[in-house]
Amino acid sequence: VQLQASGGGLVQAGGSLRLSCAASRRTFSTYVMGWFRQAPGKEREFVAALSWSGGSTVYADSVKGRFTISRDNGKNTVYLQMNSLKPEDTAVYYCAERSRRFVLVAAMTTSDDYDYWGQGTQVTVSS
């Protein structure tokens with residue numbers, strides 16, 4: 001599976017962006033889709049995840065209420081709508097796919113929980 005992330009860019013604080021992550025092929029073994037981010041000099045951190053079949057979601061506390069993860073089954077695409085952006089949201093954003101079974105989407109918050117990764121898209125929020 002190849003994941004193609006897009007939609008990053010430069011935006012002022014308080015603005016919005018929508019990231020997209022398209023999968024190269026439809027797979028019935030896609031269980032969870034996630035977004036992570038990595039700021040310069042920092043470790044990659046979890047942002048949000050979504051259960052592909054049931055639509056359950058989980059968010060990092062730092063983005064809860066501002067970001068929304070969603071999916072379009074027909075387009076094999078997952079989105080990350082980011083509102084009220086802050087300078088501390090500046091990072092490279094990565095989408096990821098888990099092709100293994102899971103119990104709770106709320107537990108899918110580490111890099112090791114995912115099997116495939118996109119190339120990343122830069123988000124820069126100016127103050």
# chains A, B, ... in the order shown; residues from 1 in each chain; ligands from 1
>>> residues_around(residues="Tyr59 in chain A", least_positions_apart="3", cutoff="7 Å", atoms="only C-alpha atoms", output="PyMOL selection string")
chain A and resi 47-49+63-64
>>> residues_around(residues="Thr57 in chain A", least_positions_apart="3", cutoff="9 Å", atoms="only C-alpha atoms", output="number ranges by chain")
A: 48-51, 68-70, 105-106
>>> closest_residue(among="A:Val78, A:Val103, A:Leu19, A:Ala13", to="Arg37 in chain A", atoms="only C-alpha atoms")
A:Leu19
>>> atom_distance(atom1="CA of Tyr31 in chain A", atom2="CA of Asn73 in chain A")
12.3 Å
>>> atom_distance(atom1="CA of Trp117 in chain A", atom2="CA of Gln12 in chain A")
27.5 Å
>>> closest_residue(among="A:Gly54, A:Gly34, A:Pro87, A:Pro40", to="Ala107 in chain A", atoms="only C-alpha atoms")
A:Gly34
>>> atom_distance(atom1="CA of Gly74 in chain A", atom2="CA of Glu45 in chain A")
28.5 Å
>>> residues_around(residues="Thr90 in chain A", least_positions_apart="3", cutoff="8 Å", atoms="only C-alpha atoms", output="ChimeraX atom specification")
/A:39,86-87,122-125
>>> closest_residue(among="A:Cys95, A:Leu85, A:Ser56, A:Met33", to="Gln119 in chain A", atoms="only C-alpha atoms")
A:Cys95
>>> closest_residue(among="A:Gln4, A:Ser20, A:Ser127, A:Thr109", to="Ser84 in chain A", atoms="only C-alpha atoms")
A:Ser127
>>> closest_residue(among="A:Thr30, A:Gly120, A:Leu3, A:Asp112", to="Ser99 in chain A", atoms="only C-alpha atoms")
A:Thr30
>>> closest_residue(among="A:Arg66, A:Thr110, A:Gly15, A:Tyr116", to="Phe46 in chain A", atoms="only C-alpha atoms")
A:Thr110
>>> select_by_dssp(residues="range 1-126 of chain A", states="strand (DSSP E)", output="PyMOL selection string")
chain A and resi 3-6+9-12+17-23+32-38+45-51+57-59+67-72+77-82+91-98+116-117+121-126
